[in-house]
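Below is one structure, written out as structure tokens; comments come after it.
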Amino acid sequence: MQNIIIIDCGSQFTQLIARRLRELKIHSVVLAWDVEPDKISDLNPNGIIISGGPDSVNEPDAIKINPEILKMPCPILGICYGMQLIAKMSGGQVASNDNHKEYGVTQIQIKDSAIFQSIPAKINVLMSHGDHVANLPEDFRITASTENNITAGFENTSKNFYGLQFHPEVNSTEFGIEILKNFVFKICLCSGDWDLENFTESTIRHIQEITGGEKIICGLSGGVDSSVAAALVNKAVGDRLQCVFVDHGLMRLNEPEDVMNSYKDLGLNVKYVDASELFLKALAGVTEPEKKRHIIGKLFIDVFDAEANKIQGAKWLLQGTIYPDVIESGMKGKKGAVTIKSHHNVGGLPEKMNLKLLEPLRDLFKDEVRVIGKIINVPDEIVNRQPFPGPGLAVRCLGEINEHRLDILRKADFIFREELQRAGLFKDIWQAFAVLLPVRTVGVMGDSRTYDEVVALRAVNSKDAMTAEWSRIDLNTLDKISKRICNEVKGVNRVVVDITSKPPATIEWE
Ligand code: XMP
């Protein structure tokens, strides 16, 4: 399969480069900056793009790529930091000059070059850099410059190196997509025939080849990614895939039954494991959010491990890892990474279980996973399911977690989502859920005083969960929801609405 490797040096636009290539029907793989050259060679790329990044190449601990990568027999395009890296590693000089910082849209003048074929001589591009290439390496030539005479593009055609100081992947760069097209079609000679239909077919064949006749196990959560991954592998190997669905007792109203029914309809071989008592016992009296997350993460691995061990002869562990997960983990260990929340996933399982890892969705974005789900007939309830955190209601039941409080939360959450559906709003909201707060307040019902729980309504719109805007739900709908929750859910006498975006808040409350 033709592909372009994108080496991620920490740019906020790395995913966008991949996105643009997808739009051009080109398969791309994002790899972290510290990738070994052998891994790239194994993929036999048609071209390599080195992304931008926040570092300055002259700093001692700046991101560096392995020099062997620059010797690979395919064209290499460096964007911003990537261009500066190529320059520095090829003997040029990069300067950090306060007088030459450029952020924002700038006009550049371009010269004759394959990468600028059929592009007007003057275009506006997005620059976002402090450093610039001050002295070209030997045998390089300038292909574009800014009005301040800063090198905005260079090339060394005998080595097949190209550099752009600006970002062709963003919309604010004029002819950006044409420049990327020139690189991938004219320079890398890609044909642009990749699409999700043929990806699905070739992935099914690939899974059949690499797993031979071996058994595969998979932990299902009801979420889109693991479900689509399992449905795809099931298409490839049938019953050789054995799934385990661990019910940690922290799912929403009727969710375990609904999810199991969908899996049966899909023809998956799934074992249901009710571990709810175990989880609730372990969580008794725990109120600290990170402690909750750690207990659930560890217990999940133990329960899944015990169940998987009962499956004789399994050689593979299937995981629903998707592209954004890979990129996030690729940058781990680099300075500046802080833990906001320890996400619950099954990382750590493959080593513990001594299994080979199968991740067929690793190169895809969420919306692409959804398209594949549709291609292989995964039911809409699963394909369009809103994200739900691994630790489930534990991070929405603030304060003490017990069966009684979970029951209150489940009912309130169900009413909230049901009313949004009735009002036709649910499908346009990224996530909507109820949160049970760790306070009680005084109320009056009939002639009696109450001292009951408070429910917060959280609904957000987002594209990727990295940032989110609180959803403007109309007041009549909110009124209906509030009345229904107070009337129908015993133990609740107050409903509040969360009107905070992310940042500064996060989507979940814990
Ligand atoms: P936050 O709360 O960090 O959440 O803004 C961002 C997105 O991630 C989901 N989330 C999780 N997903 N395991 C997951 O698989 C987790 O532990 C977890 N915690 C939060 C959250 O629902 C939102 O979509």
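Chain identifiers are assigned as A, B, and so on, following the order in which chains appear in the structure tokens; residues are numbered from 1 within each chain, and ligands are numbered from 1 in order of appearance.
For ligand 1, the set of protein, DNA and RNA residues within 6 Å, based on only C-alpha atoms and all ligand atoms, reads His343, His344, Pro387, Phe388, Pro389, Gly390, Pro391, Ala465, Thr506, Ile507 and Glu508 of chain A.
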Compile the contact shell of Glu36 (chain A) as a CSV table (one decimal) with all heavy atoms, in the first residue's frame: residues with an atom at most 12 Å away, counting only C-alpha atoms, same-chain residues fewer than 6 positions apart removed.
```
chain,number,residue,atom,x,y,z
A,7,ILE,N,6.3,12.4,10.5
A,7,ILE,CA,7.1,12.4,11.7
A,7,ILE,C,6.6,13.5,12.6
A,7,ILE,O,6.8,14.7,12.2
A,7,ILE,CB,8.6,12.4,11.5
A,7,ILE,CG1,9.0,11.2,10.6
A,7,ILE,CG2,9.4,12.4,12.8
A,7,ILE,CD1,10.4,11.0,10.3
A,42,ASP,N,10.4,-0.4,7.1
A,42,ASP,CA,9.4,-1.6,7.0
A,42,ASP,C,8.1,-1.1,6.2
A,42,ASP,O,7.5,-1.9,5.6
A,42,ASP,CB,9.0,-2.1,8.4
A,42,ASP,CG,10.2,-2.8,9.0
A,42,ASP,OD1,11.1,-3.2,8.3
A,42,ASP,OD2,10.1,-3.1,10.2
A,43,LEU,N,7.8,0.2,6.4
A,43,LEU,CA,6.5,0.6,5.8
A,43,LEU,C,6.7,1.1,4.3
A,43,LEU,O,5.8,1.4,3.6
A,43,LEU,CB,6.0,1.8,6.6
A,43,LEU,CG,5.5,1.4,8.0
A,43,LEU,CD1,5.3,2.6,8.9
A,43,LEU,CD2,4.2,0.7,7.9
A,64,LYS,N,15.1,15.7,18.1
A,64,LYS,CA,16.0,15.4,17.0
A,64,LYS,C,15.5,14.1,16.4
A,64,LYS,O,15.1,13.3,17.1
A,64,LYS,CB,17.4,15.2,17.4
A,64,LYS,CG,18.1,16.5,17.8
A,64,LYS,CD,19.6,16.3,18.2
A,64,LYS,CE,20.2,17.5,18.8
A,64,LYS,NZ,19.6,17.9,20.0
A,65,ILE,N,15.6,14.0,15.1
A,65,ILE,CA,15.3,12.7,14.5
A,65,ILE,C,16.6,12.0,14.1
A,65,ILE,O,17.6,12.6,14.1
A,65,ILE,CB,14.4,12.9,13.2
A,65,ILE,CG1,15.2,13.7,12.2
A,65,ILE,CG2,13.1,13.6,13.5
A,65,ILE,CD1,14.5,13.7,10.8
A,66,ASN,N,16.5,10.7,14.0
A,66,ASN,CA,17.6,9.9,13.7
A,66,ASN,C,18.2,10.3,12.3
A,66,ASN,O,17.4,10.3,11.3
A,66,ASN,CB,17.2,8.4,13.7
A,66,ASN,CG,18.4,7.5,13.6
A,66,ASN,OD1,19.2,7.6,12.8
A,66,ASN,ND2,18.4,6.4,14.5
A,67,PRO,N,19.5,10.6,12.2
A,67,PRO,CA,20.0,11.0,10.9
A,67,PRO,C,19.9,10.0,9.8
A,67,PRO,O,19.8,10.4,8.6
A,67,PRO,CB,21.5,11.2,11.2
A,67,PRO,CG,21.7,11.2,12.7
A,67,PRO,CD,20.5,10.5,13.3
A,68,GLU,N,19.7,8.8,10.1
A,68,GLU,CA,19.5,7.7,9.0
A,68,GLU,C,18.2,8.0,8.3
A,68,GLU,O,18.1,7.6,7.1
A,68,GLU,CB,19.4,6.3,9.7
A,68,GLU,CG,20.7,5.8,10.3
A,68,GLU,CD,21.8,5.8,9.2
A,68,GLU,OE1,21.6,5.3,8.1
A,68,GLU,OE2,22.9,6.3,9.5
A,69,ILE,N,17.3,8.7,8.9
A,69,ILE,CA,16.0,9.0,8.3
A,69,ILE,C,16.2,9.9,7.0
A,69,ILE,O,15.6,9.7,6.0
A,69,ILE,CB,15.0,9.6,9.2
A,69,ILE,CG1,14.6,8.6,10.3
A,69,ILE,CG2,13.7,10.1,8.5
A,69,ILE,CD1,13.8,9.1,11.5
```
Per residue of region 180-213 of chain A within 12 Å of region 240-263 of chain A, note the shortest atom pair and the distance in Å to one decimal, counting only C-alpha atoms, and order the rows by chain and increasing residue number, as a tab-separated table.
```
residue	atom	partner	partner_atom	distance
A:Ile207	CA	A:Leu241	CA	11.3
A:Gln208	CA	A:Arg240	CA	10.6
A:Thr211	CA	A:Arg240	CA	9.8
A:Gly212	CA	A:Arg240	CA	10.3
A:Gly213	CA	A:Arg240	CA	7.8
```
How about saving the chosen residues, N, CA and C atoms kept, as a CSV table (one decimal), in the first residue's frame?
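The result, written out as again_11.csv:
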```
chain,number,residue,atom,x,y,z
A,207,ILE,N,-5.3,-9.0,8.4
A,207,ILE,CA,-5.5,-9.7,9.7
A,207,ILE,C,-5.5,-11.2,9.5
A,208,GLN,N,-6.1,-11.7,8.4
A,208,GLN,CA,-6.1,-13.1,8.1
A,208,GLN,C,-4.7,-13.6,7.9
A,211,THR,N,-2.4,-13.3,11.4
A,211,THR,CA,-2.8,-14.0,12.6
A,211,THR,C,-2.8,-15.5,12.3
A,212,GLY,N,-2.6,-15.9,11.0
A,212,GLY,CA,-2.6,-17.3,10.6
A,212,GLY,C,-3.9,-18.0,11.2
A,213,GLY,N,-3.7,-19.1,11.9
A,213,GLY,CA,-4.9,-19.8,12.5
A,213,GLY,C,-5.0,-19.4,14.0
```
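Distances here use only C-alpha atoms; by that measure, the residue among A:Ile76, A:Asn124, A:Ile382, A:Lys111 closest to Ile187 (chain A) is A:Ile76.
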- [ ] Write down as number ranges by chain the residues of region 372-490 of chain A whose backbone DSSP state falls under alpha helix (DSSP H).
- [x] A: 372-375, 380-383, 403-422, 475-488
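Distances to Asp305 (chain A) were evaluated for A:Leu318, A:Ala114, A:Met353, A:Thr14 using only C-alpha atoms, and the minimum falls at A:Met353.
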Quick one: residues within 7 Å of region 131-139 of chain A, only C-alpha atoms counted, chain neighbours fewer than 5 positions away excluded, as a count of residues only? 14
Give me, as an mmCIF file with C-alpha atoms, in the first residue's frame, all polymer residues having an atom no more than 9 Å from Gln165 (chain A), counting only C-alpha atoms and skipping those fewer than 4 positions away in the same chain.
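New file out-v9.cif:
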```cif
data_model
loop_
_atom_site.group_PDB
_atom_site.id
_atom_site.type_symbol
_atom_site.label_atom_id
_atom_site.label_comp_id
_atom_site.auth_asym_id
_atom_site.auth_seq_id
_atom_site.Cartn_x
_atom_site.Cartn_y
_atom_site.Cartn_z
ATOM 1 C CA GLY A 52 6.487 21.512 12.856
ATOM 2 C CA GLY A 78 10.099 19.465 6.297
ATOM 3 C CA ILE A 79 7.424 21.868 7.500
ATOM 4 C CA CYS A 80 8.504 24.728 9.793
ATOM 5 C CA TYR A 81 10.500 22.989 12.571
ATOM 6 C CA GLY A 82 10.894 20.046 10.156
ATOM 7 C CA MET A 83 12.526 22.361 7.605
ATOM 8 C CA GLN A 84 14.850 23.782 10.250
ATOM 9 C CA MET A 127 3.776 31.447 9.445
ATOM 10 C CA SER A 128 4.185 30.464 13.057
ATOM 11 C CA HIS A 129 7.852 30.469 13.912
ATOM 12 C CA HIS A 132 14.424 30.620 10.565
ATOM 13 C CA VAL A 133 17.018 29.169 8.232
ATOM 14 C CA THR A 151 13.745 31.860 3.620
ATOM 15 C CA ALA A 152 10.213 30.517 3.320
ATOM 16 C CA GLY A 153 11.074 27.483 1.196
ATOM 17 C CA PHE A 154 14.117 25.541 0.046
#
```
All residues 9 Å or closer to region 427-439 of chain A, only C-alpha atoms, same chain fewer than 4 positions away omitted, as an NGL selection string: :A and (384 or 386-388 or 393 or 395-400 or 405-406 or 408-410 or 412-414 or 416-417 or 420-421 or 452-463 or 465 or 468 or 471 or 507-509)
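The environment of region 20-30 of chain A within 6 Å, counting only C-alpha atoms and disregarding residues fewer than 3 places along the same chain, consists of Asn3, Ile4, Ile5, Ile6, Ile7, Ile17, Gly192, Asp193, Trp194 and Asp195 of chain A.
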Step one, run DSSP on the backbone; step two, keep only residues of region 40-76 of chain A assigned to strand (DSSP E); then write them as an NGL selection string.
-> :A and (47-50 or 76)
Exercise: Thr467 (chain A) partners within 8 Å, only C-alpha atoms, chain neighbours under 6 positions left out, as a ChimeraX atom specification: /A:501-503
Keeping N, CA and C atoms for every residue in the selection just given, could you write it to a file as an mmCIF file, in the first residue's frame?
```cif
data_model
loop_
_atom_site.group_PDB
_atom_site.id
_atom_site.type_symbol
_atom_site.label_atom_id
_atom_site.label_comp_id
_atom_site.auth_asym_id
_atom_site.auth_seq_id
_atom_site.Cartn_x
_atom_site.Cartn_y
_atom_site.Cartn_z
ATOM 1 N N SER A 501 -16.868 25.872 29.536
ATOM 2 C CA SER A 501 -16.269 25.207 28.380
ATOM 3 C C SER A 501 -14.957 24.557 28.798
ATOM 4 N N LYS A 502 -14.328 23.841 27.872
ATOM 5 C CA LYS A 502 -13.015 23.236 28.112
ATOM 6 C C LYS A 502 -12.008 23.876 27.169
ATOM 7 N N PRO A 503 -10.905 24.458 27.578
ATOM 8 C CA PRO A 503 -10.637 24.828 28.952
ATOM 9 C C PRO A 503 -11.535 25.997 29.368
#
```
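Using only C-alpha atoms for every distance, the candidate list A:Lys235, A:Lys88, A:Arg141, A:Lys181 yields A:Lys235 as the residue closest to Ile375 (chain A).
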